[in-house]
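Student: Quick one: this structure, given as structure tokens, is what I'll be asking you about.
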Amino acid sequence: MFQARSVFSDEELQMLKRKSQWRAAWMIFHAWAVIFGAMALFVWWPNPLTFIAAVLIIGARQLGLAILSHDASHGLLFRNMKLNDFAGTWLTDYALFGDMYAYRPYHVAGHHRFTQQKNDPDLGLTAPFPITRSSMRRKVIRDLTGQTAYKQKAALFRRAFGHSNMPASQRLAMGWKRLHGAIVTNAIIFAILAATGHWFLFFALWVLPYMTFHELVVRIRSIAEHSMAPDNDDPFRNTRTTHANWLMRALVAPYFVNYHLEHHLLMAVPCYNLPRAHEILLAKGYAPRMELQPGYTAMLALATSKPELSQIQAAA
């Protein structure tokens, strides 16, 4: 098992683990400001280009909300755990129909404890890769046309409201208990937009990005983190850090999610300190041992490197 003190000094660990209440609050504010700002841009200058830009920006920032909730699941947003959990649910995850309280034990006790091992609950997400380009193309089409989101959300609602042979009142009570946070937060978003006279934006620039581009960036993030890991037993090689330029940070990897190797090595470190952890590792000469990719284009090329059947047949 990896021991952080075998790499980092006590002073470095203390610095890296330090939480900033203001930084956490700023990131949550920033995520929502970008979302509503993208909507305002389209209202101010309505045309196909600003609409597409808003869909991309909002879909990526919805992933940003999920990333902030993920930090909250580790207790890394605020020192006060009640405030931390409030931020990780009502201010971020509930808006995306997530459940941080269910995610926390699954993620921390499962995925982090058994990363890329047979008991890793996320192992099925990485097992299929690499795949062919045509297979990836089909996945992208399903994501961008809403098919992936519809399938997932339909299953979510079926689980939440129970079996159809249950009494309607019992099903409604069960569904409300499980989804009240998501229902209330989305109702608030709708009410805010309706109060400005732009209720249609809830469907056009909240639901649509969530059902389309958001699903694609979630898929890309998932592929980048663990797929095609060169050594499932080495903590420096079973998780990946992918370099992200400013455009990738805006559209694919918000709030330092690309520093996933550092997060697994130091899961008690807030996301905004992960770049510093990365710098320390490089300065200490760990780069040759680390699983790094120069960018998301290179990472996706690796993920789609499996030859097509036609290519295999032609080479036979």
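Within each chain, counting starts at residue 1; across the structure tokens, chains are named A, B, ... in the order shown, with ligands numbered 1 upward in that order.
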Considering only C-alpha atoms, return as a list of chain:residue names whatever protein or nucleic-acid residues lie within 12 Å of Leu251 of chain A, sequence-local ones (same chain, fewer than 4 positions apart) excluded.

Tutor: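 Here the answer would be A:Val34, A:Ala53, A:Ala54, A:Val55, A:Leu56, A:Ile57, A:Ile58, A:Gly59, A:Ala60, A:Arg61, A:Gln62, A:Leu63, A:Gly64, A:Phe213, A:His214, A:Leu216, A:Val217, A:Val218, A:Ile220, A:Arg221, A:Ala244, A:Asn245, A:Trp246, A:Leu247, A:Tyr255, A:Val257, A:Asn258, A:Tyr296.
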
Student: Can you list, as a PDB file with all heavy atoms, in the first residue's frame, every protein, DNA or RNA residue that comes within 10 Å of Tyr94 of chain A when you count only C-alpha atoms, leaving out same-chain residues fewer than 5 positions away?

Tutor:
```pdb
ATOM      1  N   LEU A  65     -19.630  20.890 -11.369  1.00  0.00           N
ATOM      2  CA  LEU A  65     -20.435  20.747 -10.146  1.00  0.00           C
ATOM      3  C   LEU A  65     -20.257  19.350  -9.553  1.00  0.00           C
ATOM      4  O   LEU A  65     -20.141  19.192  -8.333  1.00  0.00           O
ATOM      5  CB  LEU A  65     -21.911  21.010 -10.446  1.00  0.00           C
ATOM      6  CG  LEU A  65     -22.292  22.442 -10.808  1.00  0.00           C
ATOM      7  CD1 LEU A  65     -23.761  22.503 -11.219  1.00  0.00           C
ATOM      8  CD2 LEU A  65     -22.038  23.390  -9.635  1.00  0.00           C
ATOM      9  N   ALA A  66     -20.241  18.337 -10.418  1.00  0.00           N
ATOM     10  CA  ALA A  66     -20.050  16.961  -9.944  1.00  0.00           C
ATOM     11  C   ALA A  66     -18.665  16.788  -9.330  1.00  0.00           C
ATOM     12  O   ALA A  66     -18.499  16.066  -8.332  1.00  0.00           O
ATOM     13  CB  ALA A  66     -20.251  15.979 -11.099  1.00  0.00           C
ATOM     14  N   SER A  69     -18.726  18.256  -5.891  1.00  0.00           N
ATOM     15  CA  SER A  69     -19.417  17.333  -5.005  1.00  0.00           C
ATOM     16  C   SER A  69     -18.511  16.150  -4.653  1.00  0.00           C
ATOM     17  O   SER A  69     -18.534  15.643  -3.520  1.00  0.00           O
ATOM     18  CB  SER A  69     -20.711  16.830  -5.653  1.00  0.00           C
ATOM     19  OG  SER A  69     -21.380  15.929  -4.802  1.00  0.00           O
ATOM     20  N   ALA A  87     -22.885  21.790   0.893  1.00  0.00           N
ATOM     21  CA  ALA A  87     -22.339  22.232  -0.395  1.00  0.00           C
ATOM     22  C   ALA A  87     -22.252  21.081  -1.386  1.00  0.00           C
ATOM     23  O   ALA A  87     -22.485  21.261  -2.590  1.00  0.00           O
ATOM     24  CB  ALA A  87     -20.962  22.856  -0.194  1.00  0.00           C
ATOM     25  N   GLY A  88     -21.926  19.884  -0.888  1.00  0.00           N
ATOM     26  CA  GLY A  88     -21.778  18.727  -1.773  1.00  0.00           C
ATOM     27  C   GLY A  88     -23.084  18.124  -2.231  1.00  0.00           C
ATOM     28  O   GLY A  88     -23.077  17.217  -3.066  1.00  0.00           O
ATOM     29  N   THR A  89     -24.190  18.623  -1.693  1.00  0.00           N
ATOM     30  CA  THR A  89     -25.506  18.122  -2.106  1.00  0.00           C
ATOM     31  C   THR A  89     -26.346  19.256  -2.690  1.00  0.00           C
ATOM     32  O   THR A  89     -26.527  19.349  -3.899  1.00  0.00           O
ATOM     33  CB  THR A  89     -26.226  17.465  -0.911  1.00  0.00           C
ATOM     34  OG1 THR A  89     -26.234  18.368   0.205  1.00  0.00           O
ATOM     35  CG2 THR A  89     -25.531  16.175  -0.502  1.00  0.00           C
ATOM     36  N   ASP A  99     -26.394  11.744  -5.762  1.00  0.00           N
ATOM     37  CA  ASP A  99     -26.606  11.461  -4.344  1.00  0.00           C
ATOM     38  C   ASP A  99     -25.241  11.256  -3.693  1.00  0.00           C
ATOM     39  O   ASP A  99     -24.691  10.156  -3.701  1.00  0.00           O
ATOM     40  CB  ASP A  99     -27.484  10.219  -4.160  1.00  0.00           C
ATOM     41  CG  ASP A  99     -27.819   9.930  -2.704  1.00  0.00           C
ATOM     42  OD1 ASP A  99     -27.208  10.554  -1.814  1.00  0.00           O
ATOM     43  OD2 ASP A  99     -28.682   9.065  -2.458  1.00  0.00           O
ATOM     44  N   MET A 100     -24.692  12.331  -3.147  1.00  0.00           N
ATOM     45  CA  MET A 100     -23.358  12.268  -2.559  1.00  0.00           C
ATOM     46  C   MET A 100     -23.280  11.271  -1.411  1.00  0.00           C
ATOM     47  O   MET A 100     -22.268  10.598  -1.224  1.00  0.00           O
ATOM     48  CB  MET A 100     -22.928  13.649  -2.066  1.00  0.00           C
ATOM     49  CG  MET A 100     -21.487  13.719  -1.579  1.00  0.00           C
ATOM     50  SD  MET A 100     -21.181  15.146  -0.513  1.00  0.00           S
ATOM     51  CE  MET A 100     -22.076  14.656   0.971  1.00  0.00           C
ATOM     52  N   LEU A 179     -35.455  11.462  -4.287  1.00  0.00           N
ATOM     53  CA  LEU A 179     -35.175  12.482  -5.307  1.00  0.00           C
ATOM     54  C   LEU A 179     -35.595  13.888  -4.907  1.00  0.00           C
ATOM     55  O   LEU A 179     -35.536  14.794  -5.742  1.00  0.00           O
ATOM     56  CB  LEU A 179     -35.869  12.109  -6.624  1.00  0.00           C
ATOM     57  CG  LEU A 179     -35.417  10.812  -7.302  1.00  0.00           C
ATOM     58  CD1 LEU A 179     -36.251  10.564  -8.557  1.00  0.00           C
ATOM     59  CD2 LEU A 179     -33.939  10.854  -7.650  1.00  0.00           C
ATOM     60  N   HIS A 180     -35.997  14.091  -3.648  1.00  0.00           N
ATOM     61  CA  HIS A 180     -36.502  15.417  -3.280  1.00  0.00           C
ATOM     62  C   HIS A 180     -35.449  16.503  -3.473  1.00  0.00           C
ATOM     63  O   HIS A 180     -35.778  17.625  -3.882  1.00  0.00           O
ATOM     64  CB  HIS A 180     -37.005  15.412  -1.829  1.00  0.00           C
ATOM     65  CG  HIS A 180     -35.926  15.290  -0.809  1.00  0.00           C
ATOM     66  ND1 HIS A 180     -35.351  14.075  -0.471  1.00  0.00           N
ATOM     67  CD2 HIS A 180     -35.284  16.234  -0.058  1.00  0.00           C
ATOM     68  CE1 HIS A 180     -34.431  14.273   0.446  1.00  0.00           C
ATOM     69  NE2 HIS A 180     -34.350  15.559   0.709  1.00  0.00           N
ATOM     70  N   GLY A 181     -34.180  16.185  -3.206  1.00  0.00           N
ATOM     71  CA  GLY A 181     -33.134  17.178  -3.385  1.00  0.00           C
ATOM     72  C   GLY A 181     -33.011  17.616  -4.832  1.00  0.00           C
ATOM     73  O   GLY A 181     -32.902  18.813  -5.141  1.00  0.00           O
ATOM     74  N   ALA A 182     -33.035  16.644  -5.743  1.00  0.00           N
ATOM     75  CA  ALA A 182     -32.937  16.951  -7.169  1.00  0.00           C
ATOM     76  C   ALA A 182     -34.163  17.720  -7.650  1.00  0.00           C
ATOM     77  O   ALA A 182     -34.048  18.670  -8.439  1.00  0.00           O
ATOM     78  CB  ALA A 182     -32.790  15.653  -7.960  1.00  0.00           C
ATOM     79  N   ILE A 183     -35.340  17.324  -7.176  1.00  0.00           N
ATOM     80  CA  ILE A 183     -36.572  17.999  -7.596  1.00  0.00           C
ATOM     81  C   ILE A 183     -36.592  19.443  -7.120  1.00  0.00           C
ATOM     82  O   ILE A 183     -36.892  20.379  -7.882  1.00  0.00           O
ATOM     83  CB  ILE A 183     -37.801  17.231  -7.066  1.00  0.00           C
ATOM     84  CG1 ILE A 183     -37.885  15.852  -7.720  1.00  0.00           C
ATOM     85  CG2 ILE A 183     -39.085  18.017  -7.316  1.00  0.00           C
ATOM     86  CD1 ILE A 183     -38.895  14.916  -7.084  1.00  0.00           C
ATOM     87  N   VAL A 184     -36.222  19.650  -5.861  1.00  0.00           N
ATOM     88  CA  VAL A 184     -36.240  21.010  -5.300  1.00  0.00           C
ATOM     89  C   VAL A 184     -35.211  21.903  -5.977  1.00  0.00           C
ATOM     90  O   VAL A 184     -35.510  23.039  -6.362  1.00  0.00           O
ATOM     91  CB  VAL A 184     -36.004  20.959  -3.775  1.00  0.00           C
ATOM     92  CG1 VAL A 184     -35.790  22.368  -3.215  1.00  0.00           C
ATOM     93  CG2 VAL A 184     -37.181  20.296  -3.079  1.00  0.00           C
ATOM     94  N   THR A 185     -33.969  21.419  -6.137  1.00  0.00           N
ATOM     95  CA  THR A 185     -32.931  22.265  -6.731  1.00  0.00           C
ATOM     96  C   THR A 185     -33.250  22.604  -8.185  1.00  0.00           C
ATOM     97  O   THR A 185     -33.033  23.739  -8.616  1.00  0.00           O
ATOM     98  CB  THR A 185     -31.547  21.595  -6.644  1.00  0.00           C
ATOM     99  OG1 THR A 185     -31.640  20.253  -7.153  1.00  0.00           O
ATOM    100  CG2 THR A 185     -31.055  21.553  -5.213  1.00  0.00           C
ATOM    101  N   ASN A 186     -33.762  21.648  -8.930  1.00  0.00           N
ATOM    102  CA  ASN A 186     -34.125  21.952 -10.317  1.00  0.00           C
ATOM    103  C   ASN A 186     -35.333  22.881 -10.392  1.00  0.00           C
ATOM    104  O   ASN A 186     -35.418  23.715 -11.299  1.00  0.00           O
ATOM    105  CB  ASN A 186     -34.372  20.660 -11.090  1.00  0.00           C
ATOM    106  CG  ASN A 186     -33.092  20.032 -11.599  1.00  0.00           C
ATOM    107  OD1 ASN A 186     -32.604  20.357 -12.673  1.00  0.00           O
ATOM    108  ND2 ASN A 186     -32.526  19.129 -10.802  1.00  0.00           N
TER     109      ASN A 186
END
```

Student: Write out as a VMD selection string the residues lying within 7 Å of segment 150-163 of chain A, counting only C-alpha atoms and excluding same-chain residues fewer than 4 positions away.

Tutor: chain A and resid 146 171 to 172 174 to 175 178

Student: Atom CA of Arg104 of chain A and atom CA of Phe202 of chain A, how far apart in Å?

Tutor: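 The value is 28.8 Å.
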
Student: Just to confirm, what's the straight-line distance from atom CA of Glu262 of chain A to atom CA of Thr241 of chain A in Å (one decimal)?

Tutor: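 For atom CA of Glu262 of chain A relative to atom CA of Thr241 of chain A, the distance reads 7.5 Å.
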
Student: Write out as a list in words each polymer residue whose atoms come within 7 Å of segment 1-9 of chain A, counting only C-alpha atoms; drop sequence neighbours fewer than 2 positions from it.

Tutor: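 Result of the neighbour search: Glu11, Glu12, Leu13, Pro235, Leu265 and Leu266 of chain A.
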
Student: Could you jot down the atom CA of Trp206 of chain A to atom CA of Pro254 of chain A separation for me, Å, one decimal place?

Tutor: 17.6 Å

Student: Taking the chain letters and numbering used in this document, name the residues of segment 71-295 of chain A that DSSP puts in strand (DSSP E or B), as a PyMOL selection string.

Tutor: chain A and resi 241-242+259+292-293

Student: Mind writing the picked residues with all heavy atoms as a CSV table (one decimal), in the first residue's frame?

Tutor:
```
chain,number,residue,atom,x,y,z
A,241,THR,N,-2.7,11.0,-14.9
A,241,THR,CA,-2.9,12.5,-15.0
A,241,THR,C,-2.7,12.9,-16.5
A,241,THR,O,-1.8,12.4,-17.1
A,241,THR,CB,-1.8,13.2,-14.1
A,241,THR,OG1,-2.3,13.1,-12.8
A,241,THR,CG2,-1.7,14.6,-14.5
A,242,THR,N,-3.6,13.7,-16.9
A,242,THR,CA,-3.6,14.2,-18.3
A,242,THR,C,-3.4,15.7,-18.4
A,242,THR,O,-4.2,16.4,-17.7
A,242,THR,CB,-4.9,13.8,-19.0
A,242,THR,OG1,-5.1,12.4,-18.9
A,242,THR,CG2,-4.9,14.2,-20.5
A,259,TYR,N,-5.8,16.0,-12.7
A,259,TYR,CA,-4.7,15.5,-11.9
A,259,TYR,C,-5.2,14.3,-11.0
A,259,TYR,O,-5.3,14.3,-9.8
A,259,TYR,CB,-4.3,16.6,-10.9
A,259,TYR,CG,-3.6,17.8,-11.6
A,259,TYR,CD1,-4.2,18.9,-12.0
A,259,TYR,CD2,-2.2,17.6,-12.0
A,259,TYR,CE1,-3.6,20.0,-12.7
A,259,TYR,CE2,-1.6,18.7,-12.7
A,259,TYR,CZ,-2.3,19.8,-13.0
A,259,TYR,OH,-1.6,20.8,-13.7
A,292,LEU,N,1.4,9.4,-17.3
A,292,LEU,CA,1.0,10.8,-17.8
A,292,LEU,C,0.7,10.7,-19.3
A,292,LEU,O,1.3,10.0,-20.0
A,292,LEU,CB,2.2,11.7,-17.5
A,292,LEU,CG,2.8,11.8,-16.1
A,292,LEU,CD1,4.0,12.7,-16.1
A,292,LEU,CD2,1.7,12.4,-15.2
A,293,GLN,N,-0.2,11.6,-19.6
A,293,GLN,CA,-0.5,11.8,-21.1
A,293,GLN,C,-0.4,13.3,-21.4
A,293,GLN,O,-0.8,14.1,-20.6
A,293,GLN,CB,-1.9,11.3,-21.4
A,293,GLN,CG,-2.0,9.8,-21.5
A,293,GLN,CD,-1.2,9.2,-22.7
A,293,GLN,OE1,-1.1,9.9,-23.7
A,293,GLN,NE2,-0.7,8.0,-22.5
```

Student: Apply DSSP to the structure's backbone, then extract all residues of segment 89-298 of chain A labelled alpha helix (DSSP H) and return them as a PyMOL selection string.

Tutor: chain A and resi 89+100-105+123-126+133-144+147-161+168-195+201-202+208-211+213-226+246-251+260-265+274-283+296-298

Student: Counting only C-alpha atoms, what is within 9 Å of segment 117-134 of chain A, bar same-chain residues fewer than 6 positions away, as a list in words?

Tutor: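 Non-adjacent residues within range: Tyr106, His107, Gly110, His111, Ser222, Ile223, Glu225, His226, Ser227, Met228, Ala229, Asn232, Asp233, Ala301, Leu302, Ala303, Thr304, Ser305, Lys306, Pro307, Glu308 and Leu309 of chain A.
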
Student: Keeping N, CA and C atoms for every residue in the selection just given, could you write it to a file as a PDB file, in the first residue's frame?

Tutor:
```pdb
ATOM      1  N   TYR A 106     -19.356   4.143  -1.558  1.00  0.00           N
ATOM      2  CA  TYR A 106     -19.039   3.401  -2.782  1.00  0.00           C
ATOM      3  C   TYR A 106     -17.698   3.856  -3.344  1.00  0.00           C
ATOM      4  N   HIS A 107     -17.480   5.159  -3.333  1.00  0.00           N
ATOM      5  CA  HIS A 107     -16.286   5.719  -3.962  1.00  0.00           C
ATOM      6  C   HIS A 107     -15.052   5.579  -3.085  1.00  0.00           C
ATOM      7  N   GLY A 110     -14.689   1.777  -1.769  1.00  0.00           N
ATOM      8  CA  GLY A 110     -14.611   0.838  -2.880  1.00  0.00           C
ATOM      9  C   GLY A 110     -13.544   1.194  -3.892  1.00  0.00           C
ATOM     10  N   HIS A 111     -13.777   2.262  -4.632  1.00  0.00           N
ATOM     11  CA  HIS A 111     -12.882   2.624  -5.732  1.00  0.00           C
ATOM     12  C   HIS A 111     -11.480   2.989  -5.249  1.00  0.00           C
ATOM     13  N   SER A 222     -13.912   9.833 -17.582  1.00  0.00           N
ATOM     14  CA  SER A 222     -13.833   8.465 -17.065  1.00  0.00           C
ATOM     15  C   SER A 222     -12.775   7.651 -17.799  1.00  0.00           C
ATOM     16  N   ILE A 223     -12.722   7.794 -19.107  1.00  0.00           N
ATOM     17  CA  ILE A 223     -11.718   7.078 -19.898  1.00  0.00           C
ATOM     18  C   ILE A 223     -10.315   7.517 -19.498  1.00  0.00           C
ATOM     19  N   GLU A 225      -9.097   8.701 -16.759  1.00  0.00           N
ATOM     20  CA  GLU A 225      -8.609   8.478 -15.400  1.00  0.00           C
ATOM     21  C   GLU A 225      -7.955   7.113 -15.193  1.00  0.00           C
ATOM     22  N   HIS A 226      -8.537   6.049 -15.739  1.00  0.00           N
ATOM     23  CA  HIS A 226      -8.004   4.723 -15.424  1.00  0.00           C
ATOM     24  C   HIS A 226      -7.883   3.772 -16.624  1.00  0.00           C
ATOM     25  N   SER A 227      -8.538   4.066 -17.718  1.00  0.00           N
ATOM     26  CA  SER A 227      -8.537   3.123 -18.838  1.00  0.00           C
ATOM     27  C   SER A 227      -7.128   2.905 -19.369  1.00  0.00           C
ATOM     28  N   MET A 228      -6.838   1.668 -19.737  1.00  0.00           N
ATOM     29  CA  MET A 228      -5.547   1.289 -20.326  1.00  0.00           C
ATOM     30  C   MET A 228      -4.384   1.583 -19.388  1.00  0.00           C
ATOM     31  N   ALA A 229      -4.630   1.475 -18.088  1.00  0.00           N
ATOM     32  CA  ALA A 229      -3.545   1.669 -17.121  1.00  0.00           C
ATOM     33  C   ALA A 229      -2.475   0.612 -17.344  1.00  0.00           C
ATOM     34  N   ASN A 232      -1.871  -2.253 -13.072  1.00  0.00           N
ATOM     35  CA  ASN A 232      -2.968  -2.109 -12.121  1.00  0.00           C
ATOM     36  C   ASN A 232      -2.535  -2.202 -10.666  1.00  0.00           C
ATOM     37  N   ASP A 233      -1.317  -2.673 -10.419  1.00  0.00           N
ATOM     38  CA  ASP A 233      -0.843  -2.855  -9.043  1.00  0.00           C
ATOM     39  C   ASP A 233       0.081  -1.741  -8.556  1.00  0.00           C
ATOM     40  N   ALA A 301      -6.638   9.011 -28.529  1.00  0.00           N
ATOM     41  CA  ALA A 301      -6.003   8.193 -29.565  1.00  0.00           C
ATOM     42  C   ALA A 301      -5.617   6.829 -29.000  1.00  0.00           C
ATOM     43  N   LEU A 302      -5.120   6.830 -27.779  1.00  0.00           N
ATOM     44  CA  LEU A 302      -4.786   5.575 -27.108  1.00  0.00           C
ATOM     45  C   LEU A 302      -6.045   4.754 -26.836  1.00  0.00           C
ATOM     46  N   ALA A 303      -7.105   5.416 -26.444  1.00  0.00           N
ATOM     47  CA  ALA A 303      -8.354   4.723 -26.117  1.00  0.00           C
ATOM     48  C   ALA A 303      -9.020   4.110 -27.341  1.00  0.00           C
ATOM     49  N   THR A 304      -8.729   4.643 -28.525  1.00  0.00           N
ATOM     50  CA  THR A 304      -9.347   4.136 -29.755  1.00  0.00           C
ATOM     51  C   THR A 304      -8.307   3.462 -30.653  1.00  0.00           C
ATOM     52  N   SER A 305      -7.313   2.847 -30.056  1.00  0.00           N
ATOM     53  CA  SER A 305      -6.214   2.248 -30.821  1.00  0.00           C
ATOM     54  C   SER A 305      -6.476   0.801 -31.241  1.00  0.00           C
ATOM     55  N   LYS A 306      -7.584   0.230 -30.852  1.00  0.00           N
ATOM     56  CA  LYS A 306      -7.880  -1.142 -31.258  1.00  0.00           C
ATOM     57  C   LYS A 306      -8.187  -1.168 -32.755  1.00  0.00           C
ATOM     58  N   PRO A 307      -7.567  -2.055 -33.525  1.00  0.00           N
ATOM     59  CA  PRO A 307      -7.813  -2.093 -34.978  1.00  0.00           C
ATOM     60  C   PRO A 307      -9.255  -2.488 -35.296  1.00  0.00           C
ATOM     61  N   GLU A 308      -9.757  -1.930 -36.383  1.00  0.00           N
ATOM     62  CA  GLU A 308     -11.076  -2.329 -36.881  1.00  0.00           C
ATOM     63  C   GLU A 308     -11.004  -3.761 -37.420  1.00  0.00           C
ATOM     64  N   LEU A 309     -12.127  -4.432 -37.442  1.00  0.00           N
ATOM     65  CA  LEU A 309     -12.172  -5.812 -37.949  1.00  0.00           C
ATOM     66  C   LEU A 309     -11.693  -5.866 -39.384  1.00  0.00           C
TER      67      LEU A 309
END
```
